[in-house]
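**Q** Just target24.txt, nothing more (compact mmCIF, C-alpha atoms):
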# COMPACT_ATOMS: atom_id res chain seq x y z
CA MET F 156 9.96 -48.18 46.08
CA PRO F 157 13.52 -49.54 45.75
CA LEU F 158 14.16 -53.13 44.86
CA PRO F 159 14.49 -55.34 47.94
CA ALA F 160 18.03 -55.63 49.22
CA GLU F 161 17.45 -59.30 50.04
CA GLY F 162 17.33 -61.88 47.32
CA ASP F 163 19.39 -64.26 45.40
CA LEU F 164 22.87 -62.93 45.93
CA SER F 165 22.62 -63.86 49.60
CA LEU F 166 22.16 -67.47 48.53
CA ARG F 167 25.58 -67.83 46.94
CA THR F 168 27.09 -69.81 49.82
CA SER F 169 24.55 -72.63 49.65
CA ALA F 170 24.66 -72.53 45.87
CA ASN F 171 28.42 -72.97 45.83
CA ASN F 172 28.13 -75.91 48.19
CA VAL F 173 25.78 -77.62 45.75
CA LYS F 174 28.16 -76.83 42.89
CA ALA F 175 31.07 -78.44 44.72
CA GLU F 176 29.10 -81.61 45.35
CA VAL F 177 27.64 -81.95 41.89
CA PHE F 178 30.51 -80.97 39.62
CA SER F 179 33.56 -82.45 41.27
CA SER F 180 34.76 -84.04 38.01
CA LYS F 181 34.03 -84.41 34.30
CA THR F 182 31.49 -87.14 34.85
CA GLU F 183 27.76 -87.49 35.22
CA ALA F 184 26.32 -85.18 37.85
CA LYS F 185 25.98 -86.78 41.25
CA THR F 186 22.47 -87.71 42.30
CA LEU F 187 20.56 -85.01 44.14
CA THR F 188 17.32 -85.70 45.94
CA ILE F 189 14.06 -84.28 44.66
CA LYS F 190 13.97 -82.00 47.71
CA GLU F 191 17.43 -80.65 46.90
CA MET F 192 16.41 -79.96 43.31
CA GLU F 193 13.23 -78.24 44.48
CA ALA F 194 15.38 -75.93 46.61
CA ILE F 195 17.57 -75.13 43.59
CA ALA F 196 14.48 -74.45 41.47
CA LYS F 197 13.20 -71.97 44.03
CA ARG F 198 16.53 -70.15 44.02
CA LEU F 199 16.43 -69.98 40.22
CA ARG F 200 12.96 -68.45 40.33
CA ARG F 201 14.13 -65.84 42.83
CA HIS F 202 17.09 -65.03 40.60
CA ILE F 203 14.81 -64.59 37.58
CA ILE F 204 12.54 -62.20 39.45
CA SER F 205 15.41 -60.18 40.92
CA MET F 206 17.34 -59.99 37.64
CA THR F 207 14.46 -58.86 35.46
CA GLY F 208 13.17 -56.50 38.13
CA LYS F 209 16.53 -54.78 38.48
CA ALA F 210 17.01 -54.62 34.72
CA GLY F 211 13.51 -53.23 34.19
CA SER F 212 13.12 -55.48 31.16
CA GLY F 213 13.29 -59.11 30.18
CA HIS F 214 11.13 -62.18 29.84
CA PRO F 215 10.15 -63.65 33.22
CA GLY F 216 7.10 -65.71 32.20
CA GLY F 217 8.78 -68.22 29.90
CA SER F 218 11.85 -68.33 32.12
CA LEU F 219 9.80 -69.33 35.16
CA SER F 220 7.90 -72.03 33.28
CA ALA F 221 11.07 -73.96 32.36
CA VAL F 222 12.86 -73.86 35.74
CA GLU F 223 12.37 -77.55 36.57
CA ILE F 224 13.52 -78.53 33.08
CA ALA F 225 16.78 -76.60 33.45
CA THR F 226 17.31 -77.83 37.00
CA ALA F 227 16.84 -81.48 36.05
CA LEU F 228 19.22 -81.11 33.12
CA TYR F 229 22.05 -79.23 34.79
CA PHE F 230 21.93 -80.88 38.20
CA ARG F 231 20.97 -84.44 37.25
CA VAL F 232 21.35 -85.22 33.55
CA LEU F 233 24.04 -83.26 31.69
CA ARG F 234 27.73 -84.13 31.62
CA HIS F 235 29.41 -80.73 31.94
CA ASN F 236 32.10 -78.95 33.90
CA PRO F 237 31.85 -75.26 34.87
CA ASN F 238 35.63 -75.15 35.28
CA ASP F 239 36.07 -76.24 31.65
CA PRO F 240 33.12 -74.90 29.61
CA GLU F 241 34.72 -76.03 26.34
CA TRP F 242 35.33 -79.63 27.47
CA PRO F 243 35.00 -81.48 24.11
CA ASP F 244 32.99 -84.41 25.51
CA ARG F 245 30.44 -82.30 27.37
CA ASP F 246 26.75 -82.69 26.64
CA ARG F 247 25.39 -79.63 24.84
CA PHE F 248 22.39 -77.60 25.97
CA ILE F 249 20.93 -75.30 23.31
CA LEU F 250 18.47 -72.60 24.41
CA SER F 251 16.38 -72.06 21.31
CA LYS F 252 13.85 -69.82 23.08
CA GLY F 253 16.64 -67.32 23.67
CA HIS F 254 14.42 -64.77 25.40
CA ALA F 255 14.47 -67.15 28.40
CA ALA F 256 18.08 -66.08 28.93
CA PRO F 257 17.43 -65.17 32.61
CA LEU F 258 16.73 -68.83 33.30
CA LEU F 259 19.91 -70.02 31.62
CA TYR F 260 22.04 -67.35 33.29
CA ALA F 261 20.63 -68.16 36.73
CA THR F 262 21.29 -71.87 36.14
CA LEU F 263 24.84 -71.33 34.92
CA ALA F 264 25.61 -69.09 37.88
CA GLU F 265 24.24 -71.65 40.35
CA CYS F 266 26.46 -74.26 38.68
CA GLY F 267 29.52 -72.03 39.00
CA TYR F 268 30.19 -70.88 35.43
CA PHE F 269 30.42 -67.30 36.71
CA PRO F 270 29.72 -65.53 40.03
CA VAL F 271 26.12 -65.34 41.20
CA GLU F 272 26.69 -61.62 41.85
CA GLU F 273 27.01 -61.09 38.10
CA LEU F 274 23.31 -61.85 37.63
CA SER F 275 22.53 -58.31 38.77
CA THR F 276 24.14 -56.98 35.55
CA LEU F 277 21.45 -58.45 33.28
CA ARG F 278 20.94 -56.31 30.16
CA GLN F 279 23.41 -53.63 31.24
CA LEU F 280 25.91 -52.15 28.82
CA ASP F 281 29.13 -54.19 28.70
CA SER F 282 27.55 -57.00 30.72
CA ARG F 283 28.18 -60.60 29.68
CA LEU F 284 24.49 -61.25 30.34
CA GLN F 285 22.56 -59.70 27.50
CA GLY F 286 18.82 -59.96 26.80
CA HIS F 287 19.37 -62.87 24.44
CA THR F 288 22.20 -65.34 24.81
CA ASP F 289 25.56 -64.70 23.16
CA ARG F 290 28.01 -67.61 23.03
CA THR F 291 30.94 -65.23 22.48
CA LEU F 292 30.27 -63.46 25.79
CA THR F 293 28.93 -65.88 28.37
CA PRO F 294 30.67 -69.01 29.68
CA GLY F 295 28.48 -72.07 29.24
CA VAL F 296 26.29 -70.62 26.49
CA GLU F 297 26.33 -72.84 23.39
CA MET F 298 24.31 -70.74 20.91
CA SER F 299 23.74 -67.06 20.26
CA ALA F 300 19.97 -66.61 20.12
CA GLY F 301 17.64 -63.96 18.80
CA SER F 302 15.17 -64.96 16.11
CA LEU F 303 12.96 -67.83 17.20
CA GLY F 304 12.90 -71.14 15.36
CA GLN F 305 16.63 -71.56 14.80
CA GLY F 306 17.70 -73.62 17.80
CA LEU F 307 16.54 -77.01 16.58
CA SER F 308 18.42 -76.53 13.30
CA PHE F 309 21.54 -75.55 15.24
CA ALA F 310 21.14 -78.53 17.58
CA THR F 311 20.66 -80.87 14.64
CA GLY F 312 23.97 -79.69 13.22
CA VAL F 313 25.73 -80.13 16.56
CA ALA F 314 24.31 -83.64 16.95
CA LEU F 315 25.34 -84.57 13.41
CA ALA F 316 28.84 -83.20 14.05
CA GLY F 317 29.12 -85.35 17.15
CA ARG F 318 28.31 -88.43 15.14
CA LEU F 319 30.76 -87.55 12.38
CA ASN F 320 33.49 -86.94 14.97
CA SER F 321 32.71 -90.19 16.81
CA GLN F 322 31.90 -88.29 20.01
CA GLU F 323 29.36 -89.62 22.46
CA TYR F 324 27.88 -86.39 23.77
CA LYS F 325 24.14 -85.76 23.84
CA VAL F 326 22.50 -82.59 22.55
CA TYR F 327 19.51 -81.14 24.40
CA VAL F 328 17.56 -78.23 22.94
CA LEU F 329 14.80 -76.27 24.69
CA LEU F 330 12.07 -74.81 22.49
CA GLY F 331 8.97 -72.82 23.31
CA ASP F 332 5.62 -74.11 22.13
CA GLY F 333 4.82 -70.76 20.53
CA GLU F 334 8.18 -70.99 18.79
CA CYS F 335 6.91 -74.12 17.06
CA ASP F 336 4.77 -71.84 14.87
CA GLU F 337 8.00 -71.32 12.92
CA GLY F 338 8.42 -73.41 9.79
CA GLN F 339 12.15 -73.82 10.36
CA VAL F 340 11.39 -75.93 13.44
CA TRP F 341 9.66 -78.51 11.27
CA GLU F 342 12.37 -78.45 8.60
CA ALA F 343 14.87 -79.28 11.35
CA ALA F 344 12.56 -81.94 12.77
CA MET F 345 12.41 -83.60 9.37
CA ALA F 346 16.20 -83.47 8.94
CA ALA F 347 16.93 -84.84 12.44
CA ALA F 348 14.65 -87.81 11.83
CA HIS F 349 16.10 -88.39 8.35
CA TYR F 350 19.60 -88.68 9.82
CA LYS F 351 18.31 -90.80 12.74
CA LEU F 352 19.92 -88.51 15.31
CA ASP F 353 19.32 -90.50 18.47
CA ASN F 354 21.84 -88.27 20.27
CA LEU F 355 19.40 -85.36 19.99
CA VAL F 356 16.66 -84.59 22.54
CA ALA F 357 14.28 -81.67 22.09
CA ILE F 358 12.28 -80.39 25.05
CA VAL F 359 9.25 -78.22 24.37
CA ASP F 360 8.24 -75.85 27.16
CA ASN F 361 4.54 -76.35 26.47
CA ASN F 362 3.02 -73.57 28.57
CA GLY F 363 0.24 -72.75 26.12
CA LEU F 364 1.04 -69.05 25.78
CA GLN F 365 3.06 -66.75 23.57
CA ILE F 366 3.41 -62.98 23.49
CA ASP F 367 0.11 -62.48 21.63
CA GLY F 368 -1.96 -64.78 23.83
CA TRP F 369 -3.00 -68.41 23.93
CA ASN F 370 -1.40 -70.61 21.27
CA CYS F 371 -4.73 -72.18 20.40
CA ASP F 372 -5.97 -68.72 19.33
CA VAL F 373 -2.79 -67.47 17.63
CA MET F 374 -1.77 -70.67 15.80
CA ASN F 375 -3.27 -73.92 16.99
CA LEU F 376 -0.59 -76.60 17.30
CA ALA F 377 -2.95 -79.48 18.09
CA PRO F 378 -2.53 -82.39 17.78
CA PHE F 379 0.97 -81.47 18.89
CA ASN F 380 2.24 -84.91 19.89
CA GLU F 381 0.98 -86.47 16.67
CA LYS F 382 2.81 -83.88 14.59
CA TRP F 383 6.12 -84.94 16.13
CA ARG F 384 5.27 -88.62 15.67
CA ALA F 385 4.45 -87.94 12.02
CA PHE F 386 7.99 -86.54 11.65
CA ASN F 387 9.28 -89.85 13.09
CA TRP F 388 10.33 -88.60 16.51
CA HIS F 389 10.00 -90.60 19.70
CA VAL F 390 7.52 -88.61 21.79
CA ILE F 391 7.32 -88.43 25.59
CA GLU F 392 4.80 -86.24 27.42
CA VAL F 393 5.36 -85.16 31.03
CA ASP F 394 4.35 -82.67 33.68
CA GLY F 395 7.16 -80.17 33.19
CA HIS F 396 7.16 -79.24 36.87
CA ASP F 397 7.50 -82.81 38.14
CA PHE F 398 11.14 -83.79 38.66
CA THR F 399 10.42 -87.51 38.79
CA GLN F 400 8.65 -87.44 35.42
CA LEU F 401 11.33 -85.25 33.85
CA ILE F 402 14.22 -87.43 35.03
CA ASP F 403 12.41 -90.58 33.89
CA ALA F 404 11.88 -88.98 30.48
CA PHE F 405 15.54 -88.00 30.13
CA ASN F 406 16.60 -91.51 31.14
CA GLN F 407 14.22 -93.02 28.60
CA ALA F 408 15.55 -90.71 25.87
CA LYS F 409 19.07 -92.06 26.44
CA LEU F 410 17.84 -95.54 25.51
CA ILE F 411 16.11 -94.62 22.24
CA LYS F 412 18.00 -95.72 19.15
CA GLY F 413 17.51 -94.75 15.52
CA GLN F 414 15.40 -91.62 16.01
CA PRO F 415 15.49 -88.33 17.92
CA THR F 416 13.34 -87.80 21.01
CA VAL F 417 11.06 -84.91 21.90
CA ILE F 418 9.86 -84.37 25.46
CA ILE F 419 6.66 -82.33 25.51
CA ALA F 420 6.75 -80.77 28.98
CA HIS F 421 3.38 -79.37 30.03
CA THR F 422 4.10 -76.28 32.10
CA ILE F 423 2.55 -73.08 33.48
CA LYS F 424 3.82 -69.77 32.23
CA GLY F 425 5.05 -67.67 35.14
CA LYS F 426 5.08 -70.73 37.42
CA GLY F 427 5.59 -69.96 41.10
CA VAL F 428 4.39 -66.35 41.13
CA SER F 429 0.63 -66.02 41.54
CA PHE F 430 0.07 -62.89 39.46
CA MET F 431 2.35 -64.10 36.66
CA GLU F 432 0.91 -67.58 36.21
CA ASN F 433 -0.92 -67.97 32.89
CA ASN F 434 -0.59 -64.21 32.38
CA PRO F 435 0.65 -63.32 28.87
CA ASP F 436 1.46 -59.78 30.04
CA PHE F 437 4.60 -61.15 31.67
CA HIS F 438 5.91 -62.82 28.55
CA GLY F 439 8.15 -59.84 27.91
CA LYS F 440 7.47 -57.44 30.78
CA ALA F 441 9.62 -57.16 33.89
CA PRO F 442 8.01 -56.92 37.33
CA THR F 443 7.91 -53.54 39.01
CA ALA F 444 9.74 -52.99 42.28
CA ALA F 445 6.52 -53.60 44.20
CA GLU F 446 5.83 -56.77 42.21
CA VAL F 447 9.38 -57.99 42.84
CA GLU F 448 8.81 -57.64 46.57
CA ILE F 449 5.55 -59.61 46.40
CA ALA F 450 7.04 -62.32 44.17
CA LEU F 451 10.09 -62.84 46.39
CA LYS F 452 7.82 -63.23 49.42
CA GLU F 453 5.82 -65.88 47.56
CA LEU F 454 9.05 -67.68 46.66
CA LYS F 455 10.47 -67.90 50.19
Could you show the structure in this file as structure tokens?
**A**
Amino acid sequence: MPLPAEGDLSLRTSANNVKAEVFSSKTEAKTLTIKEMEAIAKRLRRHIISMTGKAGSGHPGGSLSAVEIATALYFRVLRHNPNDPEWPDRDRFILSKGHAAPLLYATLAECGYFPVEELSTLRQLDSRLQGHTDRTLTPGVEMSAGSLGQGLSFATGVALAGRLNSQEYKVYVLLGDGECDEGQVWEAAMAAAHYKLDNLVAIVDNNGLQIDGWNCDVMNLAPFNEKWRAFNWHVIEVDGHDFTQLIDAFNQAKLIKGQPTVIIAHTIKGKGVSFMENNPDFHGKAPTAAEVEIALKELK
């Protein structure tokens, strides 16, 4: 069965309208309603399904779980400009869980960093959209990703550089909860607190699953919030699919002084697609053509 001809590319007109409204200048994003952000989130989920289905590979589960996080950041929180990706005073978004590249690509395309049509080239030879992010290829990508556990260290360095250069940008870094098995995450957490990097915000996509199964069986992180507090981070816990809670958390993080903030966002892996939700099989497996068709119907 061929992949459905319908899908996300047909949505480019409405997406571009949103882009024009939100990113008219190098300032804070204009306020969108919750309903408008929900519509964007649904488009991102459709992109993720279509991209990975066409590519025949990729990581849909952990991309779908963080859709509301990315939407809230790019369409409500971050200072950024798709027409000037290297704007020195932009806020930085670091995707530490680099296998969730389909989510970041879909978000960047919806913002206008590159054409939405380019999403269909995911993982193809000579495409700018590779399986893990590459900052030398893709406009808007801040870090080349591959091995897990490195993003918080990278973000800590970027935040420290901003302070040393007297720049006021914020650094946001998205980690996976399974990624927090890595020791380097906690080395970076210790360093960020030591240097009192209050311009750094970590968000953990806490969906409870990693490629080998449930985190509690592979490497139990509990008590997760207390671990971060013990490293002297300000901790906020939210429903990672609730825009109101996410926006409130990001606003609160901007007010914290003298320590970094971590937002533990409780999410559902594969969110929005019934047969992918809480299913570890779709951590790193693309949907078949038939599954793409079913998923896109669910996401109408």
**Q** Using only C-alpha atoms, pick whichever of F:Phe398, F:Ser251, F:Val232, F:Leu410 has the shortest atom-to-atom distance to Ala194 (chain F).
**A**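 Closest residue, counting only C-alpha atoms: F:Phe398.
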**Q** Using all atoms listed in the file, can you tell me which of F:Val356, F:Ala420, F:Ala450, F:Ala343 comes closest to Tyr324 (chain F)?
**A**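 Checking each of F:Val356, F:Ala420, F:Ala450, F:Ala343 against Tyr324 (chain F), counting all atoms listed in the file, the winner is F:Val356.
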**Q** Contacts of Phe437 (chain F) at 9 Å or less, counting all atoms listed in the file, minus same-chain residues fewer than 3 places along, as a VMD selection string?
**A** chain F and resid 214 to 217 366 424 to 425 431 to 434 440 to 442
**Q** For the selection you just gave me, I'd like the residues written to a file as a PDB file, in the coordinates of the input, keeping C-alpha atoms.
**A**
ATOM      1  CA  HIS F 214      11.130 -62.180  29.840  1.00  0.00           C
ATOM      2  CA  PRO F 215      10.150 -63.650  33.220  1.00  0.00           C
ATOM      3  CA  GLY F 216       7.100 -65.710  32.200  1.00  0.00           C
ATOM      4  CA  GLY F 217       8.780 -68.220  29.900  1.00  0.00           C
ATOM      5  CA  ILE F 366       3.410 -62.980  23.490  1.00  0.00           C
ATOM      6  CA  LYS F 424       3.820 -69.770  32.230  1.00  0.00           C
ATOM      7  CA  GLY F 425       5.050 -67.670  35.140  1.00  0.00           C
ATOM      8  CA  MET F 431       2.350 -64.100  36.660  1.00  0.00           C
ATOM      9  CA  GLU F 432       0.910 -67.580  36.210  1.00  0.00           C
ATOM     10  CA  ASN F 433      -0.920 -67.970  32.890  1.00  0.00           C
ATOM     11  CA  ASN F 434      -0.590 -64.210  32.380  1.00  0.00           C
ATOM     12  CA  LYS F 440       7.470 -57.440  30.780  1.00  0.00           C
ATOM     13  CA  ALA F 441       9.620 -57.160  33.890  1.00  0.00           C
ATOM     14  CA  PRO F 442       8.010 -56.920  37.330  1.00  0.00           C
TER      15      PRO F 442
END
**Q** Would you list the contacts of Thr276 (chain F) as a ChimeraX atom specification, taking every protein, DNA or RNA residue within 10 Å and counting only C-alpha atoms, but skipping same-chain residues closer than 2 positions in sequence?
**A** /F:206-207,209-210,272-274,278-285
**Q** For each of F:Pro243, F:Gly368, F:Pro294, F:Gly253, take the minimum atom-to-atom distance to Asn320 (chain F), counting all atoms listed in the file, then give the residue where this is smallest.
**A**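 The answer is F:Pro243, which sits nearest to Asn320 (chain F).
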**Q** Could you jot down the CA of Lys412 (chain F) to CA of Leu233 (chain F) separation for me, Å, one decimal place?
**A**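 Distance reported for this atom pair: 18.7 Å.
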**Q** Go through F:His235, F:Lys197, F:His287, F:His389 one by one, measure the shortest atom-to-atom distance of each to Leu454 (chain F) using only C-alpha atoms, and give the residue with the smallest value.
**A** F:Lys197
**Q** In file coordinates, which residues lie within 10 Å of (19.4, -90.0, 41.2) using only C-alpha atoms, given as a short mmCIF file (atom, residue, chain, number, x, y, z; two decimals) with C-alpha atoms, keeping the file's coordinate frame?
**A**
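Wrote it out as out-v5.cif, contents follow:
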data_model
loop_
_atom_site.label_atom_id
_atom_site.label_comp_id
_atom_site.auth_asym_id
_atom_site.auth_seq_id
_atom_site.Cartn_x
_atom_site.Cartn_y
_atom_site.Cartn_z
CA ALA F 184 26.32 -85.18 37.85
CA LYS F 185 25.98 -86.78 41.25
CA THR F 186 22.47 -87.71 42.30
CA LEU F 187 20.56 -85.01 44.14
CA THR F 188 17.32 -85.70 45.94
CA ILE F 189 14.06 -84.28 44.66
CA PHE F 230 21.93 -80.88 38.20
CA ARG F 231 20.97 -84.44 37.25
CA VAL F 232 21.35 -85.22 33.55
CA THR F 399 10.42 -87.51 38.79
CA ILE F 402 14.22 -87.43 35.03
#
**Q** Determine, counting all atoms listed in the file, which protein, DNA and RNA residues have an atom within 12 Å of an atom of Asn354 (chain F); residues of the same chain fewer than 6 positions away are not included. Present the result as a compact mmCIF listing (two decimals) with C-alpha atoms, keeping the file's coordinate frame.
**A**
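Written file, around.txt:
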# COMPACT_ATOMS: atom_id res chain seq x y z
CA ASP F 246 26.75 -82.69 26.64
CA ARG F 247 25.39 -79.63 24.84
CA ALA F 310 21.14 -78.53 17.58
CA THR F 311 20.66 -80.87 14.64
CA GLY F 312 23.97 -79.69 13.22
CA VAL F 313 25.73 -80.13 16.56
CA ALA F 314 24.31 -83.64 16.95
CA LEU F 315 25.34 -84.57 13.41
CA ALA F 316 28.84 -83.20 14.05
CA GLY F 317 29.12 -85.35 17.15
CA ARG F 318 28.31 -88.43 15.14
CA LEU F 319 30.76 -87.55 12.38
CA SER F 321 32.71 -90.19 16.81
CA GLN F 322 31.90 -88.29 20.01
CA GLU F 323 29.36 -89.62 22.46
CA TYR F 324 27.88 -86.39 23.77
CA LYS F 325 24.14 -85.76 23.84
CA VAL F 326 22.50 -82.59 22.55
CA TYR F 327 19.51 -81.14 24.40
CA VAL F 328 17.56 -78.23 22.94
CA ALA F 347 16.93 -84.84 12.44
CA ALA F 348 14.65 -87.81 11.83
CA PHE F 405 15.54 -88.00 30.13
CA ALA F 408 15.55 -90.71 25.87
CA LYS F 409 19.07 -92.06 26.44
CA LEU F 410 17.84 -95.54 25.51
CA ILE F 411 16.11 -94.62 22.24
CA LYS F 412 18.00 -95.72 19.15
CA GLY F 413 17.51 -94.75 15.52
CA GLN F 414 15.40 -91.62 16.01
CA PRO F 415 15.49 -88.33 17.92
CA THR F 416 13.34 -87.80 21.01
CA VAL F 417 11.06 -84.91 21.90
**Q** So how many Å separate CA of Ala444 (chain F) and CA of Ile204 (chain F), to one decimal?
**A**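 The value is 10.0 Å.
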**Q** Can you work out which one of F:Ala404, F:Leu277, F:Leu199, F:Ala261 has the shortest atom-to-atom distance to Gly211 (chain F), counting all atoms listed in the file?
**A** F:Leu277
**Q** Using only C-alpha atoms, pick whichever of F:Thr288, F:Gly333, F:Gln339, F:Leu352 has the shortest atom-to-atom distance to Cys371 (chain F).
**A** F:Gly333
**Q** Can you work out the spacing between CA of Cys335 (chain F) and CA of Ser302 (chain F) in Å, to one decimal?
**A**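 Going from CA of Cys335 (chain F) over to CA of Ser302 (chain F), I get 12.4 Å.
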